[in-house]
$ cat query.cif   # mmCIF, C-alpha atoms
data_target
loop_
_atom_site.group_PDB
_atom_site.id
_atom_site.type_symbol
_atom_site.label_atom_id
_atom_site.label_comp_id
_atom_site.auth_asym_id
_atom_site.auth_seq_id
_atom_site.Cartn_x
_atom_site.Cartn_y
_atom_site.Cartn_z
ATOM 1 C CA MET A 212 102.740 88.514 88.181
ATOM 2 C CA HIS A 213 102.750 89.370 91.892
ATOM 3 C CA THR A 214 100.361 87.487 94.141
ATOM 4 C CA THR A 215 99.649 86.828 97.799
ATOM 5 C CA PRO A 216 100.634 83.389 99.189
ATOM 6 C CA LYS A 217 97.092 82.190 98.396
ATOM 7 C CA GLY A 218 97.424 83.310 94.770
ATOM 8 C CA ARG A 219 95.461 86.548 94.833
ATOM 9 C CA ARG A 220 96.811 89.018 92.251
ATOM 10 C CA LEU A 221 98.257 92.322 93.434
ATOM 11 C CA THR A 222 97.939 95.481 91.343
ATOM 12 C CA GLY A 223 100.946 97.794 91.021
ATOM 13 C CA HIS A 224 99.153 100.262 93.271
ATOM 14 C CA ALA A 225 98.625 97.588 95.925
ATOM 15 C CA ARG A 226 102.276 96.502 95.951
ATOM 16 C CA GLU A 227 103.262 100.028 96.962
ATOM 17 C CA SER A 228 100.322 100.930 99.145
ATOM 18 C CA LEU A 229 100.295 97.730 101.215
ATOM 19 C CA ILE A 230 103.873 98.276 102.352
ATOM 20 C CA ARG A 231 103.116 101.889 103.241
ATOM 21 C CA HIS A 232 100.217 100.662 105.348
ATOM 22 C CA GLY A 233 102.423 98.299 107.332
ATOM 23 C CA PHE A 234 101.787 95.011 105.522
ATOM 24 C CA GLN A 235 104.836 92.847 105.060
ATOM 25 C CA GLU A 236 105.681 90.670 102.112
ATOM 26 C CA PRO A 237 104.573 88.087 101.140
ATOM 27 C CA PHE A 238 101.319 89.749 102.204
ATOM 28 C CA ASP A 239 99.829 86.741 103.961
ATOM 29 C CA THR A 240 97.928 89.230 106.161
ATOM 30 C CA VAL A 241 95.935 90.198 103.054
ATOM 31 C CA ASP A 242 94.822 86.594 102.662
ATOM 32 C CA ALA A 243 93.998 86.416 106.379
ATOM 33 C CA ILE A 244 91.793 89.537 106.288
ATOM 34 C CA ILE A 245 89.898 88.184 103.286
ATOM 35 C CA GLU A 246 89.465 84.742 104.804
ATOM 36 C CA HIS A 247 88.440 86.031 108.235
ATOM 37 C CA ALA A 248 86.349 88.990 107.107
ATOM 38 C CA THR A 249 83.455 89.828 109.410
ATOM 39 C CA HIS A 250 81.705 91.848 106.705
ATOM 40 C CA VAL A 251 81.979 91.620 102.915
ATOM 41 C CA THR A 252 80.414 94.268 100.736
ATOM 42 C CA THR A 253 80.689 95.749 97.235
ATOM 43 C CA GLN A 254 81.802 99.222 96.168
ATOM 44 C CA ALA A 255 79.873 101.317 93.678
ATOM 45 C CA ASP A 256 82.440 100.355 90.999
ATOM 46 C CA GLY A 257 82.012 96.635 91.683
ATOM 47 C CA ALA A 258 85.181 96.089 93.739
ATOM 48 C CA ILE A 259 84.771 93.777 96.725
ATOM 49 C CA VAL A 260 85.497 95.184 100.182
ATOM 50 C CA TYR A 261 86.567 92.761 102.910
ATOM 51 C CA ILE A 262 86.325 94.166 106.440
ATOM 52 C CA GLN A 263 87.579 92.445 109.561
ATOM 53 C CA ARG A 264 86.892 93.683 113.077
ATOM 54 C CA ALA A 265 90.144 93.791 115.000
ATOM 55 C CA GLY A 266 92.025 95.434 117.816
ATOM 56 C CA ARG A 267 91.182 95.696 121.455
ATOM 57 C CA ARG A 268 87.513 94.809 121.996
ATOM 58 C CA GLY A 269 86.977 94.776 118.238
ATOM 59 C CA ARG A 270 87.022 98.554 117.949
ATOM 60 C CA SER A 271 89.324 98.752 114.937
ATOM 61 C CA TYR A 272 88.886 97.449 111.431
ATOM 62 C CA HIS A 273 91.204 95.920 108.874
ATOM 63 C CA MET A 274 90.140 96.257 105.250
ATOM 64 C CA VAL A 275 91.170 94.876 101.857
ATOM 65 C CA ILE A 276 89.702 95.977 98.525
ATOM 66 C CA GLU A 277 89.811 93.613 95.561
ATOM 67 C CA GLY A 278 88.921 94.849 92.071
ATOM 68 C CA ALA A 279 88.763 93.169 88.683
ATOM 69 C CA ASP A 280 92.562 93.440 88.258
ATOM 70 C CA GLY A 281 93.396 92.134 91.717
ATOM 71 C CA ILE A 282 93.966 93.526 95.200
ATOM 72 C CA VAL A 283 93.734 97.339 95.061
ATOM 73 C CA THR A 284 94.769 98.234 98.600
ATOM 74 C CA GLY A 285 94.549 97.223 102.220
ATOM 75 C CA MET A 286 94.584 99.107 105.488
ATOM 76 C CA ARG A 287 94.856 98.079 109.101
ATOM 77 C CA ASN A 288 93.548 99.617 112.315
ATOM 78 C CA LEU A 289 90.942 101.822 110.703
ATOM 79 C CA THR A 290 88.710 103.684 113.121
ATOM 80 C CA ARG A 291 84.959 103.449 112.685
ATOM 81 C CA HIS A 292 84.988 107.076 111.501
ATOM 82 C CA GLU A 293 87.611 106.361 108.816
ATOM 83 C CA LEU A 294 85.733 103.289 107.657
ATOM 84 C CA ASN A 295 82.504 105.280 107.426
ATOM 85 C CA ASN A 296 84.275 108.007 105.427
ATOM 86 C CA LEU A 297 85.662 105.449 102.994
ATOM 87 C CA GLY A 298 82.215 103.907 102.624
ATOM 88 C CA ARG A 299 80.678 107.312 101.893
ATOM 89 C CA ASN A 300 83.396 108.171 99.342
ATOM 90 C CA TYR A 301 83.587 104.841 97.553
ATOM 91 C CA GLY A 302 79.977 103.776 97.748
ATOM 92 C CA PHE A 303 79.937 100.782 100.051
ATOM 93 C CA ALA A 304 78.066 99.906 103.224
ATOM 94 C CA PRO A 305 80.721 99.762 105.949
ATOM 95 C CA HIS A 306 78.642 97.793 108.446
ATOM 96 C CA PRO A 307 76.372 94.755 108.218
ATOM 97 C CA MET B 132 109.584 115.542 88.859
ATOM 98 C CA VAL B 133 107.535 116.952 91.729
ATOM 99 C CA GLN B 134 104.462 118.976 90.808
ATOM 100 C CA LYS B 135 102.947 121.299 93.400
ATOM 101 C CA PHE B 136 99.332 122.404 93.668
ATOM 102 C CA VAL B 137 98.400 125.020 96.245
ATOM 103 C CA LEU B 138 95.049 125.796 97.820
ATOM 104 C CA GLU B 139 95.121 129.128 99.644
ATOM 105 C CA THR B 140 92.682 129.896 102.466
ATOM 106 C CA GLU B 141 92.567 132.934 104.762
ATOM 107 C CA GLY B 142 94.367 131.141 107.588
ATOM 108 C CA TYR B 143 96.418 128.404 106.017
ATOM 109 C CA ARG B 144 97.491 127.040 102.684
ATOM 110 C CA ILE B 145 97.519 123.443 101.528
ATOM 111 C CA CYS B 146 100.313 122.278 99.256
ATOM 112 C CA PHE B 147 99.947 119.002 97.365
ATOM 113 C CA ALA B 148 103.337 117.728 96.141
ATOM 114 C CA LEU B 149 102.753 114.996 93.567
ATOM 115 C CA GLN B 150 105.396 112.774 92.054
ATOM 116 C CA GLU B 151 105.029 109.926 89.588
ATOM 117 C CA THR B 152 105.604 106.395 90.828
ATOM 118 C CA GLN B 153 107.176 103.543 88.928
ATOM 119 C CA ALA B 154 104.808 100.870 90.148
ATOM 120 C CA ALA B 155 101.464 102.222 89.059
ATOM 121 C CA LYS B 156 100.571 104.609 86.275
ATOM 122 C CA GLU B 157 97.157 105.302 87.810
ATOM 123 C CA SER B 158 98.687 106.625 91.056
ATOM 124 C CA ALA B 159 101.058 109.359 92.166
ATOM 125 C CA ASP B 160 103.078 109.713 95.320
ATOM 126 C CA VAL B 161 101.686 112.613 97.307
ATOM 127 C CA VAL B 162 102.716 114.587 100.367
ATOM 128 C CA VAL B 163 100.179 117.127 101.585
ATOM 129 C CA GLU B 164 101.413 120.029 103.694
ATOM 130 C CA LEU B 165 99.302 122.369 105.791
ATOM 131 C CA ILE B 166 101.091 125.682 106.352
ATOM 132 C CA LEU B 167 99.630 128.191 108.804
ATOM 133 C CA ASP B 168 99.562 131.837 107.741
ATOM 134 C CA ARG B 169 102.827 133.353 108.950
ATOM 135 C CA ASN B 170 100.975 136.067 110.873
ATOM 136 C CA LEU B 171 99.285 133.408 112.977
ATOM 137 C CA GLY B 172 102.345 131.363 113.891
ATOM 138 C CA ASP B 173 105.186 129.335 112.532
ATOM 139 C CA VAL B 174 103.409 126.021 112.008
ATOM 140 C CA ALA B 175 103.594 123.604 109.105
ATOM 141 C CA VAL B 176 102.656 119.928 109.131
ATOM 142 C CA LYS B 177 103.317 117.412 106.383
ATOM 143 C CA SER B 178 101.366 114.247 105.752
ATOM 144 C CA VAL B 179 103.059 110.910 105.493
ATOM 145 C CA PRO B 180 103.704 110.046 101.832
ATOM 146 C CA THR B 181 100.722 108.190 100.394
ATOM 147 C CA LEU B 182 99.538 107.190 96.970
ATOM 148 C CA MET B 183 96.780 109.182 95.313
ATOM 149 C CA THR B 184 94.960 107.820 92.314
ATOM 150 C CA VAL B 185 93.997 109.838 89.277
ATOM 151 C CA ARG B 186 90.430 108.921 90.130
ATOM 152 C CA ASP B 187 90.819 110.539 93.567
ATOM 153 C CA LEU B 188 92.123 113.764 92.033
ATOM 154 C CA SER B 189 89.177 113.807 89.675
ATOM 155 C CA ARG B 190 86.781 113.120 92.554
ATOM 156 C CA LEU B 191 88.302 116.011 94.535
ATOM 157 C CA VAL B 192 87.616 118.430 91.679
ATOM 158 C CA ALA B 193 84.047 117.146 91.366
ATOM 159 C CA TYR B 194 83.564 117.383 95.148
ATOM 160 C CA PHE B 195 84.368 121.101 95.215
ATOM 161 C CA GLU B 196 82.394 121.873 92.074
ATOM 162 C CA ALA B 197 79.318 120.131 93.503
ATOM 163 C CA HIS B 198 79.713 122.027 96.780
ATOM 164 C CA ILE B 199 79.914 125.401 95.024
ATOM 165 C CA ALA B 200 76.784 124.585 93.015
ATOM 166 C CA ARG B 201 74.919 123.509 96.171
ATOM 167 C CA LEU B 202 75.867 126.637 98.135
ATOM 168 C CA GLN B 203 74.218 128.848 95.530
ATOM 169 C CA GLN B 204 70.861 127.330 96.515
ATOM 170 C CA HIS B 205 71.596 126.219 100.089
ATOM 171 C CA PRO B 206 74.210 128.377 101.828
ATOM 172 C CA ASP B 207 74.085 126.275 105.000
ATOM 173 C CA SER B 208 74.863 122.987 103.299
ATOM 174 C CA GLU B 209 77.874 121.026 104.497
ATOM 175 C CA SER B 210 79.385 118.407 102.230
ATOM 176 C CA TYR B 211 80.468 114.989 103.430
ATOM 177 C CA VAL B 212 84.083 114.432 104.470
ATOM 178 C CA PHE B 213 86.164 113.776 101.363
ATOM 179 C CA VAL B 214 88.940 111.215 101.745
ATOM 180 C CA PRO B 215 91.220 109.671 99.122
ATOM 181 C CA LEU B 216 91.545 105.905 99.037
ATOM 182 C CA GLU B 217 94.802 105.897 101.007
ATOM 183 C CA LEU B 218 93.603 108.387 103.667
ATOM 184 C CA GLY B 219 96.446 110.863 103.232
ATOM 185 C CA PHE B 220 94.121 113.716 104.191
ATOM 186 C CA GLN B 221 90.522 114.627 105.003
ATOM 187 C CA VAL B 222 88.702 117.696 103.717
ATOM 188 C CA GLN B 223 85.200 118.957 104.384
ATOM 189 C CA ALA B 224 83.581 121.891 102.597
ATOM 190 C CA LEU B 225 81.203 123.771 104.907
ATOM 191 C CA ALA B 226 78.619 126.543 104.809
ATOM 192 C CA GLY B 227 79.276 129.788 102.978
ATOM 193 C CA GLU B 228 78.044 132.544 100.734
ATOM 194 C CA VAL B 229 78.318 132.013 97.013
ATOM 195 C CA GLN B 230 76.930 134.066 94.161
ATOM 196 C CA ALA B 231 77.247 133.333 90.471
ATOM 197 C CA GLY B 232 80.699 133.492 88.975
ATOM 198 C CA ASP B 233 83.725 133.655 91.247
ATOM 199 C CA ASP B 234 82.108 135.780 93.930
ATOM 200 C CA GLY B 235 81.881 133.938 97.229
ATOM 201 C CA GLU B 236 83.549 132.068 100.025
ATOM 202 C CA PHE B 237 82.956 129.161 102.383
ATOM 203 C CA SER B 238 84.598 127.504 105.355
ATOM 204 C CA LEU B 239 86.977 124.678 104.719
ATOM 205 C CA ARG B 240 88.151 122.089 107.223
ATOM 206 C CA PHE B 241 91.343 120.282 106.238
ATOM 207 C CA PHE B 242 93.322 117.605 108.074
ATOM 208 C CA VAL B 243 96.530 115.860 107.055
ATOM 209 C CA ASN B 244 97.452 112.320 108.092
ATOM 210 C CA VAL B 245 100.741 112.688 109.974
ATOM 211 C CA GLY B 246 101.275 109.016 110.784
ATOM 212 C CA GLU B 247 100.167 106.275 113.130
ATOM 213 C CA SER B 248 100.081 106.230 116.921
ATOM 214 C CA ASP B 249 102.565 103.909 118.592
ATOM 215 C CA THR B 250 100.014 102.304 120.855
ATOM 216 C CA THR B 251 97.100 101.373 118.591
ATOM 217 C CA GLY B 252 98.301 102.028 115.056
ATOM 218 C CA HIS B 253 95.426 104.451 114.499
ATOM 219 C CA ARG B 254 96.193 107.278 112.074
ATOM 220 C CA VAL B 255 96.614 110.765 113.548
ATOM 221 C CA TYR B 256 95.272 113.811 111.693
ATOM 222 C CA ILE B 257 96.267 117.440 112.266
ATOM 223 C CA GLY B 258 94.388 120.259 110.634
ATOM 224 C CA GLY B 259 92.574 123.542 110.603
ATOM 225 C CA GLU B 260 89.480 125.397 109.524
ATOM 226 C CA SER B 261 89.391 128.665 107.669
ATOM 227 C CA VAL B 262 87.597 130.482 104.874
ATOM 228 C CA VAL B 263 88.468 129.904 101.235
ATOM 229 C CA THR B 264 87.396 132.317 98.525
ATOM 230 C CA LEU B 265 85.956 130.994 95.307
ATOM 231 C CA LYS B 266 88.656 132.860 93.450
ATOM 232 C CA ASN B 267 91.427 130.956 95.219
ATOM 233 C CA LEU B 268 89.570 127.678 94.917
ATOM 234 C CA ARG B 269 89.154 128.212 91.163
ATOM 235 C CA VAL B 270 92.902 128.709 90.805
ATOM 236 C CA PHE B 271 93.497 125.400 92.617
ATOM 237 C CA LEU B 272 90.871 123.549 90.587
ATOM 238 C CA ALA B 273 92.254 124.888 87.310
ATOM 239 C CA SER B 274 95.699 123.573 88.226
ATOM 240 C CA LEU B 275 94.217 120.151 89.037
ATOM 241 C CA HIS B 276 92.317 120.115 85.736
ATOM 242 C CA GLY B 277 95.617 120.758 83.982
ATOM 243 C CA ALA B 278 97.317 117.958 85.895
ATOM 244 C CA LEU B 279 94.537 115.508 85.069
ATOM 245 C CA ALA B 280 94.726 116.348 81.376
ATOM 246 C CA ALA B 281 98.510 115.904 81.388
ATOM 247 C CA TRP B 282 98.206 112.617 83.263
ATOM 248 C CA SER B 283 95.668 111.343 80.777
ATOM 249 C CA ARG B 284 97.910 112.313 77.824
ATOM 250 C CA ALA B 285 101.015 110.752 79.365
ATOM 251 C CA HIS B 286 99.524 107.485 80.578
ATOM 252 C CA GLY B 287 96.233 107.062 78.779
ATOM 253 C CA VAL B 288 94.540 106.719 82.159
ATOM 254 C CA SER B 289 90.985 107.951 82.372
ATOM 255 C CA PRO B 290 90.145 109.647 85.658
ATOM 256 C CA VAL B 291 86.688 108.067 85.782
#

$ encode --input "query.cif" --output "structure tokens"
Amino acid sequence: MHTTPKGRRLTGHARESLIRHGFQEPFDTVDAIIEHATHVTTQADGAIVYIQRAGRRGRSYHMVIEGADGIVTGMRNLTRHELNNLGRNYGFAPHP
Amino acid sequence: MVQKFVLETEGYRICFALQETQAAKESADVVVELILDRNLGDVAVKSVPTLMTVRDLSRLVAYFEAHIARLQQHPDSESYVFVPLELGFQVQALAGEVQAGDDGEFSLRFFVNVGESDTTGHRVYIGGESVVTLKNLRVFLASLHGALAAWSRAHGVSPV
């Protein structure tokens, strides 16, 4: 079973998608986003969405989604517009 | 094996090239290409390869079907911006004229994610807006329905 350094399970999808989104193994950045999230919310399907403000003047967002089977995906440097689109599509509130 | 699904508009066509991945049976590798009509210029842009889930494909079909149904009552309605989980593209179905059956058309805005900027790491999208006929959209949706059925048979993955 593949996990992050803090023991969070990674789905097969996540193992591929995280690398494509610039995360490097052993995916400690995934743990960091979860542990330093500035907003935690829940998708319509029950998955937990961890959002961390980042970048210059906090104008970008890092995000990790964790479902029942483990980490689903993660993305860095999302714009506010992208985050809002994801929230609208996946049924979560992107902002506190 | 790469499977291709094409959505033809008046000004550009969108080609989805899907390929199975080893790591996840619920996802496919996808590259989305926007190709400008040859009469308008020699332009084609490809997205970076991203993963697309079977659920996203199913949502895309439902998105267009809901838009067509809405336009019959409200021709000025504009749907929200559809994005897949991995942000490989953005599509927004806009106002149009739709009658019952396959008679109608509406404007379609489509952007592909071509990569990340060097300075901030923000994704960059390139795209266009043109009119799509219901007839062409139905051809695209039928091909996606077929792909979803095949995916379900091969992997036992439900799109919902």

$ interface_residues --input "query.cif" --of "chain B" --to "chain A" --cutoff "7 Å" --atoms "all atoms listed in the file" --output "PDB file with C-alpha atoms, in the coordinates of the input"
ATOM      1  CA  ALA B 154     104.808 100.870  90.148  1.00  0.00           C
ATOM      2  CA  ALA B 155     101.464 102.222  89.059  1.00  0.00           C
ATOM      3  CA  SER B 158      98.687 106.625  91.056  1.00  0.00           C
ATOM      4  CA  LEU B 182      99.538 107.190  96.970  1.00  0.00           C
ATOM      5  CA  VAL B 212      84.083 114.432 104.470  1.00  0.00           C
ATOM      6  CA  PHE B 213      86.164 113.776 101.363  1.00  0.00           C
ATOM      7  CA  VAL B 214      88.940 111.215 101.745  1.00  0.00           C
ATOM      8  CA  GLY B 252      98.301 102.028 115.056  1.00  0.00           C
ATOM      9  CA  HIS B 253      95.426 104.451 114.499  1.00  0.00           C
TER      10      HIS B 253
END

$ resolve_selection --input "query.cif" --expression "the PyMOL selection byres ((chain B and resi 142) around 6)" --output "mmCIF file with C-alpha atoms, in the frame of the given file"
data_model
loop_
_atom_site.group_PDB
_atom_site.id
_atom_site.type_symbol
_atom_site.label_atom_id
_atom_site.label_comp_id
_atom_site.auth_asym_id
_atom_site.auth_seq_id
_atom_site.Cartn_x
_atom_site.Cartn_y
_atom_site.Cartn_z
ATOM 1 C CA THR B 140 92.682 129.896 102.466
ATOM 2 C CA GLU B 141 92.567 132.934 104.762
ATOM 3 C CA TYR B 143 96.418 128.404 106.017
ATOM 4 C CA ASP B 168 99.562 131.837 107.741
ATOM 5 C CA SER B 261 89.391 128.665 107.669
#

$ resolve_selection --input "query.cif" --expression "the PyMOL selection byres ((chain A and resi 251) around 10)" --output "PyMOL selection string"
chain A and resi 245+248-250+252-253+259-263+274-276+303-307

$ closest_residue --input "query.cif" --among "B:Ser238, B:Thr152, B:Gln134, B:Ser208" --to "Val263 in chain B" --atoms "only C-alpha atoms"
B:Ser238

$ residues_around --input "query.cif" --residues "range 227-231 of chain B" --least-positions-apart "5" --cutoff "7 Å" --atoms "all atoms listed in the file" --output "PyMOL selection string"
chain B and resi 202-203+206-207+236-238

$ residues_around --input "query.cif" --residues "Arg270 in chain A" --least-positions-apart "5" --cutoff "8 Å" --atoms "all atoms listed in the file" --output "ChimeraX atom specification"
/A:264-265,290-291

$ closest_residue --input "query.cif" --among "B:Thr251, B:Ser283, B:Gln204, B:Ser274" --to "Val137 in chain B" --atoms "only C-alpha atoms"
B:Ser274

$ atom_distance --input "query.cif" --atom1 "CA of Leu149 in chain B" --atom2 "CA of Leu165 in chain B"
14.7 Å

$ closest_residue --input "query.cif" --among "B:Arg190, B:Lys266, B:Arg169, B:His198" --to "Ser210 in chain B" --atoms "all atoms listed in the file"
B:His198

$ resolve_selection --input "query.cif" --expression "the PyMOL selection byres ((chain B and resi 268) around 12)" --output "count of residues only"
36

$ axis_aligned_box --input "query.cif" --around "range 234-253 of chain A" --padding-each-side "5 Å" --output "lines of an AutoDock Vina configuration file"
center_x = 93.0
center_y = 90.2
center_z = 103.3
size_x = 35.3
size_y = 21.0
size_z = 22.2

$ atom_distance --input "query.cif" --atom1 "CA of Phe242 in chain B" --atom2 "CA of Gln150 in chain B"
20.6 Å

$ closest_residue --input "query.cif" --among "B:Thr184, B:Ser189, B:Gln223, B:Asn244" --to "Lys156 in chain B" --atoms "only C-alpha atoms"
B:Thr184

$ closest_residue --input "query.cif" --among "B:Leu216, B:Val245, B:Tyr211, B:Ala200" --to "Pro180 in chain B" --atoms "only C-alpha atoms"
B:Val245

$ closest_residue --input "query.cif" --among "A:His292, A:Lys217, A:His273, A:Arg268" --to "Pro237 in chain A" --atoms "all atoms listed in the file"
A:Lys217

$ build_atoms --input "query.cif" --residues "range 271-298 of chain A" --atoms "N, CA and C atoms" --output "PDB file, in the coordinates of the input"
ATOM      1  N   SER A 271      88.631  98.318 116.152  1.00  0.00           N
ATOM      2  CA  SER A 271      89.324  98.752 114.937  1.00  0.00           C
ATOM      3  C   SER A 271      88.909  97.827 113.800  1.00  0.00           C
ATOM      4  N   TYR A 272      89.274  98.224 112.612  1.00  0.00           N
ATOM      5  CA  TYR A 272      88.886  97.449 111.431  1.00  0.00           C
ATOM      6  C   TYR A 272      90.076  97.324 110.492  1.00  0.00           C
ATOM      7  N   HIS A 273      90.264  96.118 109.964  1.00  0.00           N
ATOM      8  CA  HIS A 273      91.204  95.920 108.874  1.00  0.00           C
ATOM      9  C   HIS A 273      90.363  95.816 107.590  1.00  0.00           C
ATOM     10  N   MET A 274      90.918  96.255 106.491  1.00  0.00           N
ATOM     11  CA  MET A 274      90.140  96.257 105.250  1.00  0.00           C
ATOM     12  C   MET A 274      91.017  95.929 104.051  1.00  0.00           C
ATOM     13  N   VAL A 275      90.498  95.148 103.135  1.00  0.00           N
ATOM     14  CA  VAL A 275      91.170  94.876 101.857  1.00  0.00           C
ATOM     15  C   VAL A 275      90.152  95.092 100.739  1.00  0.00           C
ATOM     16  N   ILE A 276      90.576  95.763  99.679  1.00  0.00           N
ATOM     17  CA  ILE A 276      89.702  95.977  98.525  1.00  0.00           C
ATOM     18  C   ILE A 276      90.266  95.212  97.341  1.00  0.00           C
ATOM     19  N   GLU A 277      89.408  94.438  96.708  1.00  0.00           N
ATOM     20  CA  GLU A 277      89.811  93.613  95.561  1.00  0.00           C
ATOM     21  C   GLU A 277      88.967  93.992  94.347  1.00  0.00           C
ATOM     22  N   GLY A 278      89.627  94.489  93.298  1.00  0.00           N
ATOM     23  CA  GLY A 278      88.921  94.849  92.071  1.00  0.00           C
ATOM     24  C   GLY A 278      89.117  93.791  90.992  1.00  0.00           C
ATOM     25  N   ALA A 279      88.698  94.130  89.788  1.00  0.00           N
ATOM     26  CA  ALA A 279      88.763  93.169  88.683  1.00  0.00           C
ATOM     27  C   ALA A 279      90.209  92.786  88.346  1.00  0.00           C
ATOM     28  N   ASP A 280      91.151  93.706  88.591  1.00  0.00           N
ATOM     29  CA  ASP A 280      92.562  93.440  88.258  1.00  0.00           C
ATOM     30  C   ASP A 280      93.366  92.892  89.431  1.00  0.00           C
ATOM     31  N   GLY A 281      92.699  92.681  90.548  1.00  0.00           N
ATOM     32  CA  GLY A 281      93.396  92.134  91.717  1.00  0.00           C
ATOM     33  C   GLY A 281      93.209  93.000  92.949  1.00  0.00           C
ATOM     34  N   ILE A 282      94.038  92.751  93.960  1.00  0.00           N
ATOM     35  CA  ILE A 282      93.966  93.526  95.200  1.00  0.00           C
ATOM     36  C   ILE A 282      94.336  94.973  94.885  1.00  0.00           C
ATOM     37  N   VAL A 283      93.500  95.917  95.325  1.00  0.00           N
ATOM     38  CA  VAL A 283      93.734  97.339  95.061  1.00  0.00           C
ATOM     39  C   VAL A 283      94.511  97.979  96.205  1.00  0.00           C
ATOM     40  N   THR A 284      94.074  97.701  97.428  1.00  0.00           N
ATOM     41  CA  THR A 284      94.769  98.234  98.600  1.00  0.00           C
ATOM     42  C   THR A 284      94.309  97.480  99.840  1.00  0.00           C
ATOM     43  N   GLY A 285      94.950  97.780 100.929  1.00  0.00           N
ATOM     44  CA  GLY A 285      94.549  97.223 102.220  1.00  0.00           C
ATOM     45  C   GLY A 285      94.981  98.186 103.302  1.00  0.00           C
ATOM     46  N   MET A 286      94.228  98.233 104.368  1.00  0.00           N
ATOM     47  CA  MET A 286      94.584  99.107 105.488  1.00  0.00           C
ATOM     48  C   MET A 286      94.267  98.412 106.796  1.00  0.00           C
ATOM     49  N   ARG A 287      95.069  98.693 107.789  1.00  0.00           N
ATOM     50  CA  ARG A 287      94.856  98.079 109.101  1.00  0.00           C
ATOM     51  C   ARG A 287      94.519  99.157 110.121  1.00  0.00           C
ATOM     52  N   ASN A 288      93.852  98.717 111.191  1.00  0.00           N
ATOM     53  CA  ASN A 288      93.548  99.617 112.315  1.00  0.00           C
ATOM     54  C   ASN A 288      92.787 100.870 111.905  1.00  0.00           C
ATOM     55  N   LEU A 289      91.810 100.697 111.035  1.00  0.00           N
ATOM     56  CA  LEU A 289      90.942 101.822 110.703  1.00  0.00           C
ATOM     57  C   LEU A 289      90.011 102.092 111.881  1.00  0.00           C
ATOM     58  N   THR A 290      89.747 103.361 112.145  1.00  0.00           N
ATOM     59  CA  THR A 290      88.710 103.684 113.121  1.00  0.00           C
ATOM     60  C   THR A 290      87.350 103.550 112.443  1.00  0.00           C
ATOM     61  N   ARG A 291      86.309 103.514 113.254  1.00  0.00           N
ATOM     62  CA  ARG A 291      84.959 103.449 112.685  1.00  0.00           C
ATOM     63  C   ARG A 291      84.692 104.678 111.807  1.00  0.00           C
ATOM     64  N   HIS A 292      85.179 105.830 112.253  1.00  0.00           N
ATOM     65  CA  HIS A 292      84.988 107.076 111.501  1.00  0.00           C
ATOM     66  C   HIS A 292      85.676 107.002 110.129  1.00  0.00           C
ATOM     67  N   GLU A 293      86.901 106.483 110.099  1.00  0.00           N
ATOM     68  CA  GLU A 293      87.611 106.361 108.816  1.00  0.00           C
ATOM     69  C   GLU A 293      86.889 105.385 107.896  1.00  0.00           C
ATOM     70  N   LEU A 294      86.440 104.274 108.473  1.00  0.00           N
ATOM     71  CA  LEU A 294      85.733 103.289 107.657  1.00  0.00           C
ATOM     72  C   LEU A 294      84.455 103.890 107.075  1.00  0.00           C
ATOM     73  N   ASN A 295      83.728 104.633 107.907  1.00  0.00           N
ATOM     74  CA  ASN A 295      82.504 105.280 107.426  1.00  0.00           C
ATOM     75  C   ASN A 295      82.807 106.280 106.311  1.00  0.00           C
ATOM     76  N   ASN A 296      83.892 107.046 106.474  1.00  0.00           N
ATOM     77  CA  ASN A 296      84.275 108.007 105.427  1.00  0.00           C
ATOM     78  C   ASN A 296      84.597 107.287 104.122  1.00  0.00           C
ATOM     79  N   LEU A 297      85.329 106.196 104.211  1.00  0.00           N
ATOM     80  CA  LEU A 297      85.662 105.449 102.994  1.00  0.00           C
ATOM     81  C   LEU A 297      84.391 104.908 102.343  1.00  0.00           C
ATOM     82  N   GLY A 298      83.481 104.421 103.157  1.00  0.00           N
ATOM     83  CA  GLY A 298      82.215 103.907 102.624  1.00  0.00           C
ATOM     84  C   GLY A 298      81.437 104.997 101.906  1.00  0.00           C
TER      85      GLY A 298
END
